[in-house]
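Q: My structure file start00.tsv, TSV, C-alpha atoms, is below:
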```tsv
chain	number	residue	atom	x	y	z
L	179	MET	CA	-116.00	-12.79	163.50
L	180	ASN	CA	-117.27	-15.27	160.93
L	181	ARG	CA	-118.42	-18.46	162.64
L	182	SER	CA	-117.09	-20.60	159.79
L	183	LEU	CA	-113.60	-19.31	160.47
L	184	SER	CA	-113.65	-19.11	164.25
L	185	SER	CA	-115.29	-22.44	165.08
L	186	PRO	CA	-112.87	-25.32	165.73
L	187	ILE	CA	-113.40	-28.48	163.71
L	188	ALA	CA	-114.77	-31.20	165.94
L	189	LEU	CA	-113.01	-34.56	165.94
L	190	GLN	CA	-115.16	-37.24	164.30
L	191	ALA	CA	-114.78	-41.00	164.26
L	192	GLU	CA	-113.62	-42.71	161.11
L	193	PRO	CA	-116.45	-44.42	159.22
L	194	ASP	CA	-117.27	-48.04	159.88
L	195	TRP	CA	-117.47	-49.10	156.25
L	196	SER	CA	-119.46	-52.22	157.12
L	197	VAL	CA	-122.16	-49.90	158.49
L	198	VAL	CA	-121.88	-47.34	155.69
L	199	SER	CA	-122.27	-49.99	152.98
L	200	ARG	CA	-125.55	-51.19	154.49
L	201	ILE	CA	-127.27	-47.79	154.26
L	202	PRO	CA	-130.05	-48.12	151.68
L	203	ILE	CA	-129.85	-46.03	148.51
L	204	ALA	CA	-133.06	-44.44	147.27
L	205	GLY	CA	-131.67	-43.81	143.81
L	206	SER	CA	-131.82	-40.59	141.82
L	207	ASP	CA	-132.10	-39.66	138.19
L	208	GLU	CA	-130.07	-36.48	138.70
L	209	PRO	CA	-127.57	-36.30	135.85
L	210	LEU	CA	-123.84	-35.85	136.14
L	211	VAL	CA	-123.04	-32.29	135.09
L	212	PRO	CA	-119.66	-30.68	134.27
L	213	LEU	CA	-118.41	-28.12	136.76
L	214	SER	CA	-116.59	-26.24	134.01
L	215	LEU	CA	-119.99	-24.65	133.32
L	216	ALA	CA	-120.06	-23.06	136.79
L	217	PRO	CA	-119.47	-19.33	137.23
L	218	SER	CA	-116.60	-17.89	139.26
L	219	PRO	CA	-115.54	-17.88	142.07
L	220	LEU	CA	-115.82	-21.66	141.58
L	221	ARG	CA	-112.84	-23.11	139.74
L	222	ILE	CA	-111.94	-26.61	138.62
L	223	PHE	CA	-108.57	-28.28	138.34
L	224	PRO	CA	-109.08	-31.97	137.41
L	225	ILE	CA	-105.97	-33.03	139.22
L	226	TYR	CA	-105.80	-36.70	138.23
L	227	ALA	CA	-105.97	-35.85	134.53
L	228	LYS	CA	-103.24	-33.26	135.08
L	229	GLN	CA	-101.15	-35.97	136.76
L	230	ASP	CA	-101.78	-38.43	133.89
L	231	VAL	CA	-103.50	-40.98	136.10
L	232	PRO	CA	-104.72	-43.79	133.80
L	233	GLY	CA	-108.40	-43.39	132.95
L	234	ALA	CA	-108.74	-39.89	134.43
L	235	ILE	CA	-110.84	-37.34	132.56
L	236	ASN	CA	-110.10	-33.66	132.03
L	237	GLU	CA	-113.31	-32.47	133.70
L	238	CYS	CA	-114.97	-32.55	137.11
L	239	TYR	CA	-118.48	-34.02	137.04
L	240	VAL	CA	-120.93	-34.09	139.95
L	241	ARG	CA	-124.63	-34.69	140.39
L	242	GLU	CA	-126.81	-31.68	139.67
L	243	GLY	CA	-127.73	-31.21	143.33
L	244	VAL	CA	-124.06	-31.23	144.31
L	245	TYR	CA	-123.30	-28.75	141.53
L	246	ARG	CA	-125.77	-26.26	142.98
L	247	ARG	CA	-124.46	-26.74	146.51
L	248	LEU	CA	-120.89	-26.09	145.34
L	249	ILE	CA	-121.91	-22.86	143.61
L	250	ALA	CA	-123.59	-21.77	146.85
L	251	VAL	CA	-120.39	-22.53	148.78
L	252	ALA	CA	-118.27	-20.52	146.35
L	253	ARG	CA	-120.66	-17.56	146.53
L	254	SER	CA	-120.63	-17.62	150.33
L	255	LEU	CA	-116.86	-17.13	150.58
L	256	PRO	CA	-115.39	-13.72	151.44
L	257	ALA	CA	-114.20	-11.53	148.57
L	258	GLY	CA	-110.81	-12.65	147.35
L	259	LEU	CA	-111.35	-16.35	148.05
L	260	GLY	CA	-112.43	-19.05	145.61
L	261	LEU	CA	-113.42	-22.69	145.78
L	262	VAL	CA	-111.37	-25.13	143.70
L	263	VAL	CA	-112.77	-28.55	142.82
L	264	LEU	CA	-110.00	-31.08	142.28
L	265	ASP	CA	-112.11	-34.19	141.68
L	266	GLY	CA	-115.74	-35.25	141.59
L	267	TRP	CA	-117.21	-38.27	139.84
L	268	ARG	CA	-114.42	-40.76	139.32
L	269	PRO	CA	-114.26	-43.59	136.78
L	270	TRP	CA	-113.87	-47.00	138.40
L	271	ARG	CA	-110.51	-47.48	136.67
L	272	VAL	CA	-109.15	-44.39	138.44
L	273	GLN	CA	-110.47	-45.59	141.81
L	274	GLN	CA	-108.75	-48.94	141.30
L	275	TYR	CA	-105.48	-47.28	140.30
L	276	LEU	CA	-105.45	-44.99	143.35
L	277	PHE	CA	-106.29	-47.85	145.71
L	278	ASP	CA	-103.67	-50.19	144.26
L	279	THR	CA	-100.98	-47.49	144.16
L	280	LEU	CA	-101.47	-46.40	147.76
L	281	GLN	CA	-101.73	-49.98	149.02
L	282	GLU	CA	-98.47	-50.92	147.31
L	283	ALA	CA	-96.74	-47.84	148.74
L	284	ILE	CA	-97.87	-48.76	152.25
L	285	ARG	CA	-96.86	-52.40	151.75
L	286	SER	CA	-93.39	-51.42	150.63
L	287	ARG	CA	-92.88	-49.19	153.69
L	288	HIS	CA	-94.50	-51.61	156.16
L	289	PRO	CA	-93.90	-55.14	154.85
L	290	THR	CA	-94.91	-56.79	158.14
L	291	LEU	CA	-98.51	-55.51	158.04
L	292	ASP	CA	-101.06	-58.30	157.73
L	293	ASP	CA	-103.83	-58.09	155.13
L	294	GLU	CA	-106.40	-56.66	157.54
L	295	ALA	CA	-104.09	-53.91	158.79
L	296	LEU	CA	-102.96	-53.12	155.24
L	297	LEU	CA	-106.57	-52.74	154.10
L	298	ALA	CA	-107.38	-50.47	157.05
L	299	ARG	CA	-104.38	-48.24	156.38
L	300	THR	CA	-105.26	-47.99	152.68
L	301	ARG	CA	-108.95	-47.24	153.32
L	302	GLU	CA	-107.93	-44.35	155.53
L	303	PHE	CA	-107.30	-42.35	152.35
L	304	VAL	CA	-108.75	-44.34	149.42
L	305	SER	CA	-111.98	-46.32	149.56
L	306	VAL	CA	-112.21	-49.84	148.17
L	307	PRO	CA	-113.12	-49.76	144.45
L	308	SER	CA	-116.74	-50.86	144.12
L	309	ARG	CA	-119.37	-50.52	141.43
L	310	GLU	CA	-121.94	-52.48	143.42
L	311	ALA	CA	-125.37	-50.87	143.23
L	312	SER	CA	-125.85	-51.28	146.99
L	313	ALA	CA	-122.39	-50.10	148.08
L	314	PRO	CA	-120.51	-48.01	145.49
L	315	SER	CA	-117.28	-46.16	146.18
L	316	PRO	CA	-118.27	-42.57	147.12
L	317	HIS	CA	-116.58	-40.92	144.14
L	318	LEU	CA	-118.36	-43.28	141.73
L	319	THR	CA	-121.72	-41.78	142.74
L	320	GLY	CA	-121.11	-38.16	141.76
L	321	GLY	CA	-121.86	-37.17	145.35
L	322	ALA	CA	-118.27	-36.96	146.61
L	323	VAL	CA	-115.95	-34.04	145.87
L	324	ASP	CA	-112.37	-33.10	146.67
L	325	VAL	CA	-111.97	-29.36	147.17
L	326	THR	CA	-109.68	-26.65	148.45
L	327	LEU	CA	-109.57	-22.86	148.66
L	328	CYS	CA	-107.63	-20.41	146.52
L	329	ASP	CA	-106.82	-16.71	146.62
L	330	ALA	CA	-107.92	-14.08	144.10
L	331	ASP	CA	-105.06	-15.09	141.80
L	332	GLY	CA	-106.12	-18.74	141.79
L	333	LEU	CA	-103.28	-19.98	143.99
L	334	ALA	CA	-104.20	-22.65	146.52
L	335	LEU	CA	-104.22	-21.66	150.18
L	336	ASP	CA	-102.00	-23.49	152.65
L	337	MET	CA	-104.00	-26.29	154.29
L	338	GLY	CA	-101.13	-27.75	156.28
L	339	THR	CA	-100.66	-30.74	153.97
L	340	LEU	CA	-100.94	-31.27	150.26
L	341	PHE	CA	-104.02	-32.77	148.62
L	342	ASP	CA	-103.84	-36.58	148.77
L	343	GLU	CA	-100.95	-36.49	151.22
L	344	ALA	CA	-101.58	-39.76	153.07
L	345	VAL	CA	-100.30	-38.72	156.50
L	346	PRO	CA	-102.00	-38.22	159.89
L	347	ALA	CA	-101.70	-34.42	159.54
L	348	SER	CA	-104.18	-34.61	156.63
L	349	HIS	CA	-106.95	-35.63	159.03
L	350	THR	CA	-109.41	-32.76	159.00
L	351	ALA	CA	-109.18	-31.93	162.71
L	352	ALA	CA	-105.46	-32.70	163.07
L	353	LEU	CA	-104.37	-29.08	163.36
L	354	GLU	CA	-106.91	-28.45	166.13
L	355	ALA	CA	-104.80	-30.68	168.40
L	356	LEU	CA	-101.69	-28.50	168.16
L	357	GLU	CA	-101.03	-26.91	171.56
L	358	ARG	CA	-98.67	-24.18	170.36
L	359	PRO	CA	-99.15	-23.74	166.60
L	360	ASP	CA	-96.78	-21.37	164.87
L	361	ALA	CA	-98.05	-18.65	162.53
L	362	ARG	CA	-98.13	-20.90	159.47
L	363	GLU	CA	-99.91	-23.69	161.32
L	364	GLN	CA	-102.48	-21.23	162.64
L	365	GLN	CA	-103.12	-19.96	159.12
L	366	ALA	CA	-103.50	-23.48	157.75
L	367	ARG	CA	-105.84	-24.37	160.62
L	368	ASP	CA	-107.95	-21.29	159.90
L	369	ASN	CA	-108.05	-22.14	156.20
L	370	ARG	CA	-109.34	-25.61	157.03
L	371	ARG	CA	-111.95	-24.09	159.33
L	372	ARG	CA	-113.06	-21.74	156.57
L	373	LEU	CA	-113.41	-24.55	154.04
L	374	TYR	CA	-115.07	-26.94	156.49
L	375	GLY	CA	-117.54	-24.35	157.73
L	376	ALA	CA	-118.52	-23.15	154.26
L	377	MET	CA	-119.09	-26.70	153.01
L	378	GLN	CA	-121.00	-27.71	156.14
L	379	GLU	CA	-123.32	-24.71	155.82
L	380	GLN	CA	-124.43	-26.01	152.40
L	381	GLY	CA	-125.18	-29.50	153.70
L	382	PHE	CA	-121.93	-31.30	152.93
L	383	THR	CA	-120.36	-33.76	155.35
L	384	ASN	CA	-116.65	-34.45	155.64
L	385	LEU	CA	-114.54	-37.61	155.66
L	386	PRO	CA	-112.53	-37.17	158.90
L	387	SER	CA	-109.26	-38.52	157.47
L	388	GLU	CA	-109.17	-36.04	154.57
L	389	TRP	CA	-109.59	-32.28	154.95
L	390	TRP	CA	-110.37	-32.06	151.20
L	391	HIS	CA	-113.10	-34.74	150.91
L	392	PHE	CA	-116.78	-33.81	151.25
L	393	ASP	CA	-120.01	-35.64	150.46
L	394	ALA	CA	-123.61	-34.80	149.64
L	395	GLY	CA	-126.20	-37.45	148.83
L	396	ASP	CA	-124.03	-40.58	148.98
L	397	GLN	CA	-123.80	-43.21	151.72
L	398	LEU	CA	-121.03	-41.39	153.60
L	399	TRP	CA	-123.23	-38.29	153.68
L	400	ALA	CA	-126.16	-40.31	155.00
L	401	HIS	CA	-123.90	-41.86	157.65
L	402	TYR	CA	-122.52	-38.59	158.98
L	403	SER	CA	-125.72	-36.56	158.62
L	404	GLY	CA	-127.94	-39.20	160.24
L	405	GLN	CA	-130.12	-39.70	157.17
L	406	PRO	CA	-131.97	-43.02	156.87
L	407	GLN	CA	-130.97	-43.47	153.24
L	408	ALA	CA	-128.63	-42.16	150.61
L	409	LEU	CA	-129.76	-40.49	147.39
L	410	TYR	CA	-127.06	-41.46	144.93
L	411	GLY	CA	-125.98	-44.85	143.72
L	412	PRO	CA	-123.25	-45.54	141.15
L	413	ALA	CA	-123.34	-43.28	138.09
L	414	GLU	CA	-121.92	-43.38	134.59
L	415	LEU	CA	-121.32	-40.61	132.11
L	416	GLU	CA	-123.75	-40.54	129.23
L	417	THR	CA	-122.15	-41.20	125.88
L	418	ILE	CA	-123.56	-40.89	122.40
L	419	GLU	CA	-123.58	-44.70	122.26
L	420	SER	CA	-125.58	-45.08	125.48
L	421	ARG	CA	-128.04	-42.41	124.33
L	422	TRP	CA	-128.63	-44.12	121.00
L	423	GLN	CA	-129.04	-47.49	122.68
L	424	ARG	CA	-131.85	-46.08	124.83
L	425	GLN	CA	-133.52	-44.56	121.80
L	426	TRP	CA	-133.39	-47.70	119.68
```
Take the structure in the file and write it out as structure tokens.

A:
Amino acid sequence: MNRSLSSPIALQAEPDWSVVSRIPIAGSDEPLVPLSLAPSPLRIFPIYAKQDVPGAINECYVREGVYRRLIAVARSLPAGLGLVVLDGWRPWRVQQYLFDTLQEAIRSRHPTLDDEALLARTREFVSVPSREASAPSPHLTGGAVDVTLCDADGLALDMGTLFDEAVPASHTAALEALERPDAREQQARDNRRRLYGAMQEQGFTNLPSEWWHFDAGDQLWAHYSGQPQALYGPAELETIESRWQRQW
């Protein structure tokens, strides 16, 4: 039996963001590259653009090293399965929108939460928007990706919760705690194991509160992989204007 499928997902502690943000960043000149160039069985579905999130772009960009890791993940999957990238590099405006929207939703449902508790609940699923060179939001580096699995027809596999569903069941190891899972829960658990194992084998780390979020090269990756420094700081897409400004 494939180890990626059979191995339970170990419970990991949530990140201490005060520690994560202090991890030094070496810096890298790896460009952001579009995943639409990648061969099958890797697919992209830029979900925030499809949902008309303000500022979202209709492409999934990642650093070149992450691009190659994702292709390796897709090629490692059994026949009939594909890897779907839902989001990669994220404009700061999109990060701010997601953070504000989730925080307001939590506030409206739990009006008695104090500011500290509200921030903690929000950061469980959306990191604080930051373009700081020493502590950027993970998706602003091009090292963070949101992914899922699909079948041969391109339909997403059941992972137990929807992407971006901000509930405890979305925690990566949540389904491992079920004592008597029914058939659907077992299938969703196995799908999570398959995704987690395939990503881990290519050097990605996972954010414990989100089964879909993986990192390579950013500060979260350094934190969970025990690396002394991160590779990627904040990144921006190259435009014709920025290219000309460098040339002149």

Q: Using all atoms listed in the file, which of the listed residues (L:Ser308, L:Thr290, L:Ser254, L:Ser214) sits closest to Gly266 (chain L)?

A: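 For Gly266 (chain L), the nearest of the given residues is L:Ser214.
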
Q: Counting only C-alpha atoms, which residues sit no farther than 7 Å from the position (-115.2, -33.5, 150.8) in the file's frame? I'd like them as a list in words.

A: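 The answer, in the requested form, is Ala322, Val323, Asp324, Val325, Thr383, Asn384, Leu385, Trp390, His391, Phe392 and Asp393 of chain L.
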
Q: Per residue of region 231-300 of chain L within 12 Å of region 344-367 of chain L, note the shortest atom pair and the distance in Å to one decimal, counting all atoms listed in the file, and order the rows by chain and increasing residue number, as CSV.

A:
```
residue,atom,partner,partner_atom,distance
L:Leu276,CA,L:Ala344,CA,11.7
L:Phe277,CA,L:Ala344,CA,11.9
L:Thr279,CA,L:Ala344,CA,11.8
L:Leu280,CA,L:Ala344,CA,8.5
L:Gln281,CA,L:Ala344,CA,11.0
L:Ala283,CA,L:Ala344,CA,10.4
L:Ile284,CA,L:Ala344,CA,9.8
L:Arg299,CA,L:Ala344,CA,9.5
L:Thr300,CA,L:Ala344,CA,9.0
```

Q: With all atoms listed in the file as the counted atoms, please give the residues lying no more than 12 Å from Gln274 (chain L), apart from itself and same-chain residues fewer than 6 positions off, as an MDAnalysis selection string.

A: chainID L and resid 231:234 268 280:281 300 304:309 315 317:318

Q: Just how far from CA of Pro217 (chain L) is CA of Gly395 (chain L), in Å to one decimal?

A: 22.5 Å

Q: Return as JSON lines the residues of region 259-352 of chain L lying at most 8 Å from region 190-202 of chain L, together with the closest atom-to-atom pair for each and the distance in Å to one decimal, counting all atoms listed in the file, with rows in chain order and ascending residue number.

A:
```
{"residue": "L:Ser312", "atom": "CA", "partner": "L:Pro202", "partner_atom": "CA", "distance": 7.0}
{"residue": "L:Ala313", "atom": "CA", "partner": "L:Ser199", "partner_atom": "CA", "distance": 4.9}
{"residue": "L:Pro314", "atom": "CA", "partner": "L:Ser199", "partner_atom": "CA", "distance": 7.9}
```

Q: Filtering to C-alpha atoms, could you give me those residues as a JSON list (two decimals), in the frame of the given file?

A:
```json
[["chain", "number", "residue", "atom", "x", "y", "z"],
["L", 312, "SER", "CA", -125.85, -51.28, 146.99],
["L", 313, "ALA", "CA", -122.39, -50.10, 148.08],
["L", 314, "PRO", "CA", -120.51, -48.01, 145.49]]
```

Q: What does the distance from CA of Glu242 (chain L) to CA of Gly205 (chain L) come to in Å, to one decimal?

A: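 Here the two named atoms are 13.7 Å from each other.
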
Q: For a quick check of understanding, using only C-alpha atoms, which of L:Gln378, L:Ser218, L:Asn369, L:Gln229 has the smallest distance to Trp399 (chain L)?

A: L:Gln378

Q: Rounded to one decimal in Å, what is the spacing between CA of Leu259 (chain L) and CA of Asp329 (chain L)?

A: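 That distance, rounded to one decimal, is 4.8 Å.
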
Q: Once you add 6 Å to each side, what are the centre and edge lengths of the axis-aligned box holding all listed atoms of region 230-236 of chain L? One decimal in Å, as lines of an AutoDock Vina configuration file, if you can.

A:
```
center_x = -106.3
center_y = -38.7
center_z = 134.1
size_x = 21.1
size_y = 22.1
size_z = 16.1
```

Q: Pick from L:Ile187, L:Arg301, L:Glu237, L:Ser206: nearest to Gln407 (chain L), with all atoms listed in the file counted?

A: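 Answer, going by the shortest atom-to-atom distance: L:Ser206.
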
Q: Between L:Cys328, L:Ala334, L:Val272, L:Ile225, which has the minimum distance to Ala257 (chain L) (counting all atoms listed in the file)?

A: L:Cys328

Q: Could you list as a list in words every residue that has an atom within 6 Å of (-116.3, -34.2, 139.5), using the file's coordinates and counting only C-alpha atoms?

A: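 Result, sorted by chain then residue number: Cys238, Tyr239, Val240, Asp265, Gly266 and Trp267 of chain L.
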